[in-house]
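Structure file data.tsv; described as TSV, C-alpha atoms.
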chain	number	residue	atom	x	y	z
H	1	MET	CA	117.35	97.75	86.76
H	2	LEU	CA	116.35	95.83	89.91
H	3	ALA	CA	115.32	99.07	91.64
H	4	VAL	CA	113.09	100.01	88.70
H	5	LEU	CA	111.50	96.55	88.61
H	6	ILE	CA	110.85	96.47	92.37
H	7	GLY	CA	109.60	100.04	92.27
H	8	GLY	CA	107.25	99.18	89.43
H	9	LEU	CA	105.96	96.09	91.23
H	10	SER	CA	105.42	98.16	94.37
H	11	MET	CA	103.59	100.76	92.28
H	12	VAL	CA	100.87	98.35	91.13
H	13	SER	CA	99.01	98.26	94.45
H	14	PRO	CA	98.68	102.02	95.12
H	15	PHE	CA	98.08	102.62	91.40
H	16	SER	CA	95.01	100.38	91.62
H	17	ILE	CA	93.49	102.29	94.52
H	18	ASP	CA	92.61	105.61	92.93
H	19	THR	CA	92.98	105.27	89.16
H	20	PHE	CA	89.21	105.35	88.80
H	21	PHE	CA	88.62	108.52	90.89
H	22	PRO	CA	87.96	110.68	87.79
H	23	ALA	CA	85.31	108.17	86.70
H	24	PHE	CA	83.46	108.29	90.04
H	25	HIS	CA	80.42	110.19	88.82
H	26	ALA	CA	80.09	108.08	85.65
H	27	MET	CA	80.36	104.88	87.71
H	28	GLU	CA	77.68	106.11	90.15
H	29	LYS	CA	75.27	106.49	87.25
H	30	ALA	CA	76.27	103.30	85.42
H	31	LEU	CA	76.08	101.13	88.55
H	32	ASN	CA	73.14	103.01	90.09
H	33	VAL	CA	74.80	103.66	93.47
H	34	ASP	CA	75.44	106.74	95.59
H	35	ALA	CA	78.83	108.30	96.35
H	36	TRP	CA	79.28	106.65	99.77
H	37	LYS	CA	78.52	103.20	98.36
H	38	LEU	CA	80.94	103.68	95.48
H	39	GLN	CA	83.63	104.79	97.95
H	40	GLN	CA	83.44	101.26	99.38
H	41	VAL	CA	85.00	100.00	96.14
H	42	ILE	CA	88.19	101.35	97.76
H	43	THR	CA	87.46	99.65	101.09
H	44	ALA	CA	86.75	96.34	99.33
H	45	TYR	CA	90.25	96.58	97.87
H	46	MET	CA	92.10	97.83	100.94
H	47	VAL	CA	90.84	95.46	103.64
H	48	PRO	CA	91.72	92.17	101.89
H	49	PHE	CA	94.94	93.86	100.76
H	50	ALA	CA	95.80	94.44	104.44
H	51	PHE	CA	95.05	90.91	105.64
H	52	ALA	CA	96.62	89.20	102.62
H	53	SER	CA	99.79	91.18	103.17
H	54	LEU	CA	100.27	89.21	106.40
H	55	ILE	CA	100.56	86.07	104.27
H	56	HIS	CA	102.73	87.29	101.38
H	57	GLY	CA	105.86	87.87	103.45
H	58	PRO	CA	105.81	84.62	105.48
H	59	LEU	CA	104.98	82.67	102.32
H	60	SER	CA	108.01	84.20	100.60
H	61	ASP	CA	110.11	83.34	103.68
H	62	ALA	CA	109.00	79.72	103.17
H	63	VAL	CA	109.07	79.15	99.39
H	64	GLY	CA	111.17	82.06	98.10
H	65	ARG	CA	110.48	85.59	96.91
H	66	ARG	CA	110.25	84.90	93.19
H	67	PRO	CA	107.33	82.39	92.95
H	68	VAL	CA	105.14	84.39	95.32
H	69	MET	CA	105.74	87.56	93.28
H	70	ILE	CA	104.99	85.88	89.94
H	71	TRP	CA	101.83	84.09	91.06
H	72	GLY	CA	100.60	87.11	92.98
H	73	MET	CA	100.85	89.36	89.94
H	74	ALA	CA	99.20	86.73	87.73
H	75	LEU	CA	96.19	86.50	90.08
H	76	TYR	CA	96.05	90.30	90.29
H	77	THR	CA	95.72	90.33	86.50
H	78	VAL	CA	92.79	87.90	86.70
H	79	GLY	CA	91.07	90.16	89.26
H	80	SER	CA	91.63	93.18	87.02
H	81	VAL	CA	90.01	91.41	84.07
H	82	ALA	CA	87.01	90.63	86.29
H	83	CYS	CA	86.75	94.32	87.30
H	84	THR	CA	86.82	95.39	83.66
H	85	PHE	CA	83.85	93.23	82.72
H	86	ALA	CA	81.88	93.28	86.00
H	87	PRO	CA	78.19	93.66	85.03
H	88	ASN	CA	77.03	95.17	88.35
H	89	TYR	CA	78.17	96.75	91.60
H	90	GLU	CA	78.19	93.51	93.59
H	91	LEU	CA	80.48	91.68	91.18
H	92	LEU	CA	82.73	94.73	90.96
H	93	ILE	CA	83.14	94.55	94.75
H	94	VAL	CA	84.02	90.85	94.57
H	95	SER	CA	86.52	91.51	91.78
H	96	ARG	CA	88.14	94.30	93.80
H	97	VAL	CA	88.54	91.88	96.70
H	98	VAL	CA	90.53	89.57	94.39
H	99	GLN	CA	92.65	92.51	93.24
H	100	GLY	CA	93.31	93.67	96.77
H	101	ALA	CA	94.21	90.22	98.07
H	102	THR	CA	97.00	89.86	95.47
H	103	ALA	CA	98.25	93.36	94.63
H	104	GLY	CA	100.35	93.64	97.78
H	105	VAL	CA	103.02	91.15	96.74
H	106	GLY	CA	105.00	93.89	95.01
H	107	VAL	CA	105.17	96.12	98.08
H	108	VAL	CA	105.83	93.43	100.68
H	109	ILE	CA	108.26	91.21	98.82
H	110	GLY	CA	110.04	94.10	97.12
H	111	ARG	CA	111.07	95.50	100.50
H	112	ALA	CA	112.24	92.06	101.67
H	113	ILE	CA	114.33	91.62	98.50
H	114	ILE	CA	116.09	94.95	99.08
H	115	ARG	CA	116.95	93.97	102.64
H	116	ASP	CA	118.11	90.51	101.45
H	117	LEU	CA	120.65	92.11	99.13
H	118	TYR	CA	121.84	95.33	100.75
H	119	GLU	CA	122.95	96.81	104.06
H	120	GLY	CA	123.43	100.32	105.49
H	121	ALA	CA	123.48	103.34	103.18
H	122	SER	CA	123.14	101.16	100.06
H	123	ALA	CA	119.90	99.70	101.39
H	124	GLN	CA	118.67	103.19	102.30
H	125	ARG	CA	119.38	104.52	98.80
H	126	LEU	CA	117.62	101.65	97.06
H	127	MET	CA	114.70	101.69	99.50
H	128	ASN	CA	114.42	105.43	98.90
H	129	LEU	CA	114.36	105.00	95.13
H	130	THR	CA	111.71	102.28	95.23
H	131	THR	CA	109.54	104.15	97.73
H	132	MET	CA	109.79	107.22	95.49
H	133	ILE	CA	108.42	105.16	92.59
H	134	PHE	CA	105.83	103.66	94.98
H	135	GLY	CA	104.83	107.14	96.11
H	136	LEU	CA	104.34	108.34	92.54
H	137	ALA	CA	101.62	105.75	91.88
H	138	PRO	CA	98.69	107.29	93.81
H	139	ALA	CA	99.61	110.66	92.32
H	140	VAL	CA	99.96	109.53	88.70
H	141	ALA	CA	97.01	107.12	88.77
H	142	PRO	CA	94.12	109.63	88.70
H	143	ILE	CA	95.83	111.64	85.96
H	144	ILE	CA	96.04	108.56	83.74
H	145	GLY	CA	92.58	107.42	84.83
H	146	GLY	CA	91.04	110.78	83.93
H	147	TRP	CA	92.33	110.77	80.37
H	148	VAL	CA	91.51	107.09	79.82
H	149	HIS	CA	87.98	107.57	81.18
H	150	VAL	CA	87.31	110.58	78.95
H	151	ALA	CA	88.64	108.77	75.88
H	152	PHE	CA	87.26	105.26	76.39
H	153	GLY	CA	84.89	105.13	79.37
H	154	TRP	CA	85.21	103.94	82.98
H	155	ARG	CA	85.73	100.25	82.17
H	156	ALA	CA	88.87	101.12	80.22
H	157	VAL	CA	90.38	102.42	83.48
H	158	PHE	CA	90.33	98.87	84.86
H	159	ALA	CA	91.67	97.59	81.52
H	160	VAL	CA	94.78	99.71	82.21
H	161	MET	CA	95.23	97.66	85.39
H	162	VAL	CA	95.04	94.47	83.31
H	163	ILE	CA	97.88	95.78	81.16
H	164	CYS	CA	99.93	96.61	84.27
H	165	GLY	CA	99.36	93.11	85.62
H	166	LEU	CA	100.47	91.48	82.39
H	167	ILE	CA	103.58	93.65	82.14
H	168	PHE	CA	104.77	93.09	85.70
H	169	SER	CA	103.93	89.39	85.97
H	170	THR	CA	105.93	88.85	82.77
H	171	ALA	CA	108.78	91.08	83.97
H	172	SER	CA	108.93	89.18	87.29
H	173	TRP	CA	109.17	85.84	85.51
H	174	TRP	CA	111.85	87.17	83.17
H	175	LYS	CA	114.06	89.38	85.36
H	176	LEU	CA	113.37	88.99	89.08
H	177	PRO	CA	116.16	87.09	90.90
H	178	GLU	CA	115.60	84.74	93.83
H	179	THR	CA	117.23	86.40	96.85
H	180	HIS	CA	116.08	84.06	99.62
H	181	PRO	CA	118.04	80.76	99.34
H	182	PRO	CA	116.52	77.40	100.42
H	183	GLU	CA	118.81	77.08	103.46
H	184	ALA	CA	117.46	80.37	104.88
H	185	ARG	CA	113.78	79.52	104.45
H	186	ILE	CA	111.30	79.11	107.30
H	187	PRO	CA	108.64	76.37	106.95
H	188	PHE	CA	105.20	77.83	106.35
H	189	ASN	CA	102.22	76.83	108.42
H	190	VAL	CA	99.28	78.67	109.88
H	191	ARG	CA	100.48	78.33	113.46
H	192	ASN	CA	103.90	79.79	112.59
H	193	LEU	CA	102.25	82.55	110.57
H	194	VAL	CA	99.98	83.62	113.41
H	195	ALA	CA	102.72	83.33	116.03
H	196	THR	CA	105.36	85.22	114.03
H	197	SER	CA	102.96	87.95	112.88
H	198	ALA	CA	101.67	88.39	116.43
H	199	THR	CA	105.24	88.66	117.73
H	200	VAL	CA	106.05	91.38	115.19
H	201	LEU	CA	102.82	93.33	115.72
H	202	ARG	CA	103.16	93.16	119.52
H	203	HIS	CA	106.67	94.61	119.42
H	204	PRO	CA	106.18	98.13	120.84
H	205	GLU	CA	108.84	99.85	118.76
H	206	PHE	CA	107.77	98.14	115.54
H	207	LEU	CA	104.11	99.02	116.05
H	208	MET	CA	104.85	102.66	116.76
H	209	LEU	CA	107.18	102.92	113.75
H	210	ALA	CA	104.55	101.31	111.51
H	211	LEU	CA	101.87	103.71	112.77
H	212	THR	CA	104.22	106.67	112.30
H	213	ALA	CA	104.84	105.83	108.65
H	214	ALA	CA	101.20	104.99	107.90
H	215	ILE	CA	99.55	107.92	109.65
H	216	ASN	CA	102.03	110.47	108.32
H	217	PHE	CA	101.37	109.28	104.77
H	218	CYS	CA	97.63	109.49	105.42
H	219	SER	CA	98.00	113.21	106.15
H	220	LEU	CA	98.42	113.36	102.34
H	221	ALA	CA	96.11	110.42	101.59
H	222	CYS	CA	93.11	112.30	103.00
H	223	PHE	CA	93.53	114.72	100.07
H	224	ILE	CA	93.93	111.81	97.65
H	225	GLY	CA	90.74	110.17	98.96
H	226	SER	CA	88.88	113.47	98.63
H	227	ALA	CA	90.28	114.21	95.16
H	228	PRO	CA	86.99	114.00	93.20
H	229	ALA	CA	85.40	116.58	95.51
H	230	ILE	CA	88.49	118.83	95.64
H	231	ILE	CA	89.06	118.90	91.88
H	232	GLU	CA	85.51	119.03	90.57
H	233	LYS	CA	83.64	120.79	93.40
H	234	HIS	CA	86.02	122.95	95.46
H	235	TRP	CA	88.41	123.92	92.68
H	236	GLY	CA	85.81	123.86	89.89
H	237	MET	CA	87.97	121.89	87.45
H	238	SER	CA	87.22	119.09	84.98
H	239	GLU	CA	87.75	115.34	85.34
H	240	THR	CA	90.91	115.61	83.23
H	241	SER	CA	92.45	118.16	85.61
H	242	TYR	CA	93.59	115.82	88.39
H	243	ALA	CA	97.18	116.78	87.65
H	244	ALA	CA	96.45	120.07	89.46
H	245	LEU	CA	96.20	118.15	92.73
H	246	PHE	CA	98.57	115.27	92.12
H	247	LEU	CA	101.51	116.90	90.34
H	248	PRO	CA	102.49	118.85	93.48
H	249	VAL	CA	102.48	115.55	95.37
H	250	ILE	CA	104.56	113.85	92.66
H	251	THR	CA	107.17	116.59	92.55
H	252	GLY	CA	107.34	116.79	96.34
H	253	ILE	CA	107.91	113.05	96.61
H	254	MET	CA	110.59	113.17	93.93
H	255	LEU	CA	112.43	116.08	95.55
H	256	GLY	CA	112.21	114.44	98.97
H	257	ALA	CA	113.62	111.24	97.49
H	258	VAL	CA	116.51	113.05	95.80
H	259	ILE	CA	117.46	114.85	99.01
H	260	SER	CA	117.12	111.68	101.09
H	261	ARG	CA	119.25	109.71	98.66
H	262	ARG	CA	121.97	112.37	98.65
H	263	ILE	CA	122.29	112.39	102.44
H	264	ALA	CA	122.06	108.58	102.90
H	265	GLY	CA	124.84	107.57	105.26
H	266	ARG	CA	125.65	111.19	106.16
H	267	MET	CA	122.81	112.18	108.48
H	268	ASP	CA	121.72	110.51	111.70
H	269	LEU	CA	118.59	108.50	110.86
H	270	THR	CA	116.67	109.69	113.91
H	271	ARG	CA	117.32	113.28	112.92
H	272	GLN	CA	116.17	112.56	109.38
H	273	VAL	CA	112.82	111.24	110.61
H	274	HIS	CA	112.48	114.27	112.92
H	275	MET	CA	113.01	116.57	109.95
H	276	GLY	CA	110.57	114.73	107.70
H	277	LEU	CA	107.78	114.74	110.28
H	278	SER	CA	108.42	118.39	111.13
H	279	ILE	CA	108.12	119.41	107.47
H	280	THR	CA	104.83	117.54	107.05
H	281	PHE	CA	103.44	118.95	110.30
H	282	ALA	CA	104.44	122.52	109.41
H	283	SER	CA	102.75	122.34	106.00
H	284	ALA	CA	99.54	120.99	107.57
H	285	LEU	CA	99.55	123.66	110.29
H	286	VAL	CA	100.04	126.49	107.79
H	287	ARG	CA	97.19	125.10	105.69
H	288	VAL	CA	94.79	125.16	108.66
H	289	LEU	CA	95.83	128.70	109.62
H	290	LEU	CA	95.22	129.89	106.06
H	291	HIS	CA	91.72	128.39	106.04
H	292	LEU	CA	91.01	130.14	109.35
H	293	ALA	CA	92.24	133.47	107.99
H	294	LEU	CA	90.85	133.38	104.44
H	295	ASP	CA	87.47	132.51	102.99
H	296	ASN	CA	89.10	131.14	99.84
H	297	VAL	CA	92.72	130.00	100.01
H	298	PRO	CA	94.33	130.49	96.56
H	299	ILE	CA	94.73	127.20	94.70
H	300	PRO	CA	98.46	127.76	93.98
H	301	LEU	CA	99.06	128.16	97.72
H	302	GLN	CA	97.18	124.93	98.45
H	303	GLN	CA	99.29	123.19	95.81
H	304	ALA	CA	102.50	124.54	97.32
H	305	LEU	CA	101.59	123.15	100.73
H	306	LEU	CA	100.85	119.72	99.25
H	307	PHE	CA	104.28	119.86	97.61
H	308	VAL	CA	106.02	120.66	100.91
H	309	GLY	CA	104.06	118.01	102.83
H	310	ALA	CA	105.03	115.37	100.26
H	311	ILE	CA	108.71	116.25	100.68
H	312	GLY	CA	108.46	115.61	104.41
H	313	ALA	CA	106.57	112.33	104.03
H	314	GLN	CA	109.10	110.94	101.54
H	315	PHE	CA	112.04	112.18	103.63
H	316	ALA	CA	110.95	110.10	106.63
H	317	PHE	CA	109.42	106.97	105.08
H	318	PRO	CA	112.47	104.98	103.84
H	319	VAL	CA	114.26	105.36	107.18
H	320	LEU	CA	111.19	104.22	109.10
H	321	THR	CA	110.86	101.18	106.83
H	322	LEU	CA	114.49	100.12	107.26
H	323	ARG	CA	114.27	100.49	111.04
H	324	MET	CA	111.23	98.20	111.09
H	325	LEU	CA	112.88	95.53	108.94
H	326	ASP	CA	116.07	95.62	111.02
H	327	LEU	CA	114.12	94.74	114.15
H	328	PHE	CA	113.50	91.24	112.71
H	329	PRO	CA	116.50	90.28	110.52
H	330	ALA	CA	115.55	86.58	110.47
H	331	ALA	CA	111.96	87.25	109.33
H	332	ARG	CA	112.10	90.32	107.10
H	333	GLY	CA	109.30	89.04	104.90
H	334	THR	CA	107.00	88.81	107.91
H	335	ALA	CA	108.10	92.25	109.13
H	336	ALA	CA	107.41	93.75	105.70
H	337	SER	CA	103.99	92.06	105.72
H	338	ALA	CA	103.18	93.42	109.16
H	339	GLN	CA	104.21	96.93	108.11
H	340	SER	CA	101.95	96.74	105.06
H	341	PHE	CA	99.11	95.36	107.18
H	342	VAL	CA	99.23	98.33	109.54
H	343	ALA	CA	99.64	100.83	106.70
H	344	LEU	CA	96.74	99.40	104.73
H	345	LEU	CA	94.32	99.29	107.64
H	346	VAL	CA	95.12	102.92	108.46
H	347	THR	CA	94.81	103.94	104.79
H	348	ALA	CA	91.57	101.97	104.33
H	349	PHE	CA	90.08	103.75	107.34
H	350	THR	CA	91.24	107.13	106.01
H	351	LEU	CA	90.00	106.63	102.43
H	352	GLY	CA	86.86	104.62	103.17
H	353	ILE	CA	85.58	106.24	106.38
H	354	VAL	CA	87.31	109.57	107.07
H	355	SER	CA	87.52	111.06	103.57
H	356	PRO	CA	83.79	110.68	102.73
H	357	LYS	CA	82.95	112.50	105.98
H	358	VAL	CA	85.27	115.48	105.49
H	359	LEU	CA	85.33	115.97	101.70
H	360	PRO	CA	82.34	118.38	101.60
H	361	HIS	CA	84.52	121.16	103.08
H	362	LEU	CA	88.17	122.00	102.35
H	363	PRO	CA	88.84	123.29	105.91
H	364	TRP	CA	87.67	119.92	107.31
H	365	ILE	CA	90.18	118.13	105.07
H	366	ALA	CA	92.91	120.51	106.24
H	367	TRP	CA	92.12	119.86	109.90
H	368	THR	CA	92.11	116.12	109.26
H	369	SER	CA	95.58	116.34	107.72
H	370	LEU	CA	96.89	118.29	110.72
H	371	VAL	CA	95.42	115.80	113.20
H	372	LEU	CA	96.94	112.88	111.32
H	373	THR	CA	100.46	114.29	111.09
H	374	SER	CA	100.25	115.24	114.79
H	375	LEU	CA	99.32	111.65	115.66
H	376	ALA	CA	102.24	110.43	113.53
H	377	SER	CA	104.63	112.62	115.53
H	378	VAL	CA	103.26	111.21	118.81
H	379	CYS	CA	103.77	107.64	117.53
H	380	TRP	CA	107.35	108.49	116.55
H	381	LEU	CA	108.11	109.79	120.05
H	382	LEU	CA	106.58	106.63	121.53
H	383	SER	CA	108.79	104.49	119.27
H	384	LEU	CA	111.88	106.28	120.60
H	385	ARG	CA	110.66	105.67	124.13
H	386	ALA	CA	110.20	101.97	123.36
H	387	LEU	CA	113.73	101.87	121.90
H	388	ARG	CA	115.20	103.39	125.06
H	389	GLU	CA	113.31	100.96	127.28
H	390	SER	CA	114.41	97.90	125.29
H	391	SER	CA	118.03	99.15	125.30
H	392	ALA	CA	117.88	99.62	129.07
H	393	LEU	CA	116.53	96.08	129.52
H	394	ARG	CA	119.33	94.61	127.41
H	395	GLU	CA	121.95	96.53	129.39
H	396	SER	CA	120.53	95.42	132.73
H	397	ALA	CA	120.42	91.80	131.56
Transcribe the structure of this file into structure tokens.
Amino acid sequence: MLAVLIGGLSMVSPFSIDTFFPAFHAMEKALNVDAWKLQQVITAYMVPFAFASLIHGPLSDAVGRRPVMIWGMALYTVGSVACTFAPNYELLIVSRVVQGATAGVGVVIGRAIIRDLYEGASAQRLMNLTTMIFGLAPAVAPIIGGWVHVAFGWRAVFAVMVICGLIFSTASWWKLPETHPPEARIPFNVRNLVATSATVLRHPEFLMLALTAAINFCSLACFIGSAPAIIEKHWGMSETSYAALFLPVITGIMLGAVISRRIAGRMDLTRQVHMGLSITFASALVRVLLHLALDNVPIPLQQALLFVGAIGAQFAFPVLTLRMLDLFPAARGTAASAQSFVALLVTAFTLGIVSPKVLPHLPWIAWTSLVLTSLASVCWLLSLRALRESSALRESA
């Protein structure tokens, strides 16, 4: 039950990013803006999401996990109501800023709660289950958004977010336990926040692990950010056909999660990350080679490669997350915040800047995915180097 609740809370933030993708063209007309300008509705959500995530964890370290989660979801609901009724583009942007600044409580605090309660393989299994649910959100969101938009219009898509906010703020108040006792809490002040966050973000191994997880996920996110162009232009499908792109991602994430959960405690964690990154890299490389060899890569083949890439991303992510949190056992909330901060800045850059540039051509998107997963592999190798150097320093001391 706790895993489902934390997974659902974690799902709110990515769900809110791309639910409205199928309504893009209708929103352009209704708000009288071009495609690039409308894409910044994502950036307006992601950037405050990133910076606010630096506060959520330390605040929960100071006052407890439960109140921060409840109030965060309540304020997210208010922002969603404002998005639903925004009369123009400018007020929609402001409303998305409110959404973004509060939606991250589920991701950040959910991870800290898991690490408060569990160790070893048990923590890995639960983290894997919640990240599987988390990973489903950006895949399921456009499918739901497409059907809601067709049935009720683009504003109804944001009304779905209001419903999510009401459900999860109520569920948090009713069922979420407090896992961070008063005697373990760290007083909250701005100086401590800046100092602790800076310490975490300056840690070489932590930073490389965070970049590995974020950039590897973005090798899939570049397809998510380009979904309106892929579905409606390149594949020639309707706005209710987003399942064609996102179902392969969903099933890949689910299969990766099942495999990862089965082997928790049985496989060396470093080897597991190696395997996950290798799978994602191989799928991206094959995709590029197919675009070089064929004028039109068959859609089922493109879907199969998305499926395989999602398996690899899910296989590596929970292990990377646990390694990051274990680097700072006395400040897991802050570590979870710092991880989200890095992930969100990388994702905001990918969705808001990179995707609009490459979406006109499928081969460009394929090359972008390959470059990103290659960079993730480099960051992983640098994290291992940082680990060896810190171990050598401890031994010499």
For this session: Can you work out which one of H:Arg66, H:Gly106, H:Val140, H:His234 has the shortest atom-to-atom distance to Ile299 in chain H, counting all atoms listed in the file?
Result: H:His234
Exercise. Which residue, H:Val308, H:Ala343, H:Ile109, H:Glu178, has the smallest gap to Pro14 in chain H when you use only C-alpha atoms?
Worked result: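 Once distances to Pro14 in chain H are computed over only C-alpha atoms, the minimum belongs to H:Ala343.
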Exercise. Which one is closest to Phe15 in chain H: H:Met27, H:Ala330, H:Ile143, H:Val97? Count all atoms listed in the file.
Worked result: H:Ile143
Exercise. Which is closest to Phe281 in chain H among H:Ala171, H:Cys222, H:Ala313, H:Ile144, if we use only C-alpha atoms?
Worked result: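 Smallest distance to Phe281 in chain H is found for H:Ala313.
Reported to one decimal place, the separation of CA of Ala376 in chain H from CA of Pro204 in chain H is 14.8 Å.
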Problem set entry | Distance query Pro360 in chain H at most 12 Å, all atoms listed in the file, self and fewer than 2 positions along chain excluded, as a list in words |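 Those residues are Ala35, Phe223, Ser226, Ala227, Pro228, Ala229, Ile230, Ile231, Glu232, Lys233, His234, Val354, Ser355, Pro356, Lys357, Val358, Leu362, Pro363, Trp364, Ile365 and Ala366 of chain H.
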Compile the contact shell of Trp154 in chain H as a compact mmCIF listing (two decimals) with C-alpha atoms, in the frame of the given file: residues with an atom at most 12 Å away, counting only C-alpha atoms, same-chain residues fewer than 2 positions apart removed.
# COMPACT_ATOMS: atom_id res chain seq x y z
CA THR H 19 92.98 105.27 89.16
CA PHE H 20 89.21 105.35 88.80
CA PHE H 21 88.62 108.52 90.89
CA PRO H 22 87.96 110.68 87.79
CA ALA H 23 85.31 108.17 86.70
CA PHE H 24 83.46 108.29 90.04
CA HIS H 25 80.42 110.19 88.82
CA ALA H 26 80.09 108.08 85.65
CA MET H 27 80.36 104.88 87.71
CA GLU H 28 77.68 106.11 90.15
CA LYS H 29 75.27 106.49 87.25
CA ALA H 30 76.27 103.30 85.42
CA LEU H 31 76.08 101.13 88.55
CA CYS H 83 86.75 94.32 87.30
CA THR H 84 86.82 95.39 83.66
CA PHE H 85 83.85 93.23 82.72
CA ALA H 86 81.88 93.28 86.00
CA ILE H 144 96.04 108.56 83.74
CA GLY H 145 92.58 107.42 84.83
CA GLY H 146 91.04 110.78 83.93
CA TRP H 147 92.33 110.77 80.37
CA VAL H 148 91.51 107.09 79.82
CA HIS H 149 87.98 107.57 81.18
CA VAL H 150 87.31 110.58 78.95
CA ALA H 151 88.64 108.77 75.88
CA PHE H 152 87.26 105.26 76.39
CA ALA H 156 88.87 101.12 80.22
CA VAL H 157 90.38 102.42 83.48
CA PHE H 158 90.33 98.87 84.86
CA ALA H 159 91.67 97.59 81.52
CA VAL H 160 94.78 99.71 82.21
CA GLU H 239 87.75 115.34 85.34
For this session: With a distance cut-off of 7 Å and all atoms listed in the file, select the neighbouring residues of Arg96 in chain H, excluding the residue or stretch itself and same-chain residues fewer than 3 positions from it, and output the selection as a PyMOL selection string.
Result: chain H and resi 41+44-45+79+83+92-93+99-100
With all atoms listed in the file counted and 9 Å as the cut-off, give the residues of range 151-249 of chain H in contact with range 47-59 of chain H, each with its shortest interatomic distance in Å and the pair that gives it, as a tab-separated table.
residue	atom	partner	partner_atom	distance
H:Ile186	CA	H:Pro58	CA	8.0
H:Pro187	CA	H:Leu59	CA	8.6
H:Phe188	CA	H:Leu59	CA	6.3
H:Asn189	CA	H:Leu59	CA	8.9
H:Asn192	CA	H:Pro58	CA	8.8
H:Leu193	CA	H:Pro58	CA	6.5
H:Val194	CA	H:Leu54	CA	9.0
H:Thr196	CA	H:Pro58	CA	8.6
H:Ser197	CA	H:Leu54	CA	7.1
How would the residues just picked look written out with C-alpha atoms as a PDB file, in the frame of the given file?
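Output saved as out.pdb:
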ATOM      1  CA  ILE H 186     111.300  79.110 107.300  1.00  0.00           C
ATOM      2  CA  PRO H 187     108.640  76.370 106.950  1.00  0.00           C
ATOM      3  CA  PHE H 188     105.200  77.830 106.350  1.00  0.00           C
ATOM      4  CA  ASN H 189     102.220  76.830 108.420  1.00  0.00           C
ATOM      5  CA  ASN H 192     103.900  79.790 112.590  1.00  0.00           C
ATOM      6  CA  LEU H 193     102.250  82.550 110.570  1.00  0.00           C
ATOM      7  CA  VAL H 194      99.980  83.620 113.410  1.00  0.00           C
ATOM      8  CA  THR H 196     105.360  85.220 114.030  1.00  0.00           C
ATOM      9  CA  SER H 197     102.960  87.950 112.880  1.00  0.00           C
TER      10      SER H 197
END
Exercise. Can you tell me, as a list in words, what residues are no more than 8 Å from Asn216 in chain H when counting only C-alpha atoms, ignoring any on the same chain fewer than 2 positions away?
Worked result: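 Result of the neighbour search: Thr212, Ala213, Ala214, Cys218, Ser219, Leu220, Leu277, Thr280, Ala313, Leu372, Thr373, Leu375, Ala376 and Ser377 of chain H.
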Problem set entry | For CA of Phe307 in chain H and CA of Ser16 in chain H, the interatomic separation in Å (one decimal) | 22.4 Å
Exercise. Expressed in Å to a single decimal, how great is the separation between CA of Leu2 in chain H and CA of Val105 in chain H?
Worked result: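 For CA of Leu2 in chain H relative to CA of Val105 in chain H, the distance reads 15.7 Å.
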For this session: Determine the nearest neighbour of Arg388 in chain H from the options H:Met69, H:Glu205, H:Asp326, H:Ala282, counting only C-alpha atoms.
Result: H:Glu205
Could you rebuild range 145-155 of chain H with N, CA and C atoms and give me the result as a compact mmCIF listing (two decimals), in the frame of the given file?
# COMPACT_ATOMS: atom_id res chain seq x y z
N GLY H 145 93.97 107.85 84.82
CA GLY H 145 92.58 107.42 84.83
C GLY H 145 91.64 108.45 84.23
N GLY H 146 91.90 109.73 84.48
CA GLY H 146 91.04 110.78 83.93
C GLY H 146 91.05 110.81 82.41
N TRP H 147 92.24 110.74 81.83
CA TRP H 147 92.33 110.77 80.37
C TRP H 147 91.78 109.49 79.74
N VAL H 148 92.04 108.36 80.36
CA VAL H 148 91.51 107.09 79.82
C VAL H 148 89.99 107.08 79.90
N HIS H 149 89.45 107.53 81.02
CA HIS H 149 87.98 107.57 81.18
C HIS H 149 87.32 108.46 80.13
N VAL H 150 87.88 109.66 79.93
CA VAL H 150 87.31 110.58 78.95
C VAL H 150 87.37 109.99 77.54
N ALA H 151 88.46 109.30 77.24
CA ALA H 151 88.64 108.77 75.88
C ALA H 151 87.86 107.48 75.63
N PHE H 152 87.80 106.61 76.63
CA PHE H 152 87.26 105.26 76.39
C PHE H 152 86.18 104.80 77.36
N GLY H 153 85.90 105.55 78.42
CA GLY H 153 84.89 105.13 79.37
C GLY H 153 85.51 104.51 80.63
N TRP H 154 84.68 104.35 81.68
CA TRP H 154 85.21 103.94 82.98
C TRP H 154 85.75 102.52 82.99
N ARG H 155 85.22 101.63 82.18
CA ARG H 155 85.73 100.25 82.17
C ARG H 155 87.17 100.18 81.65
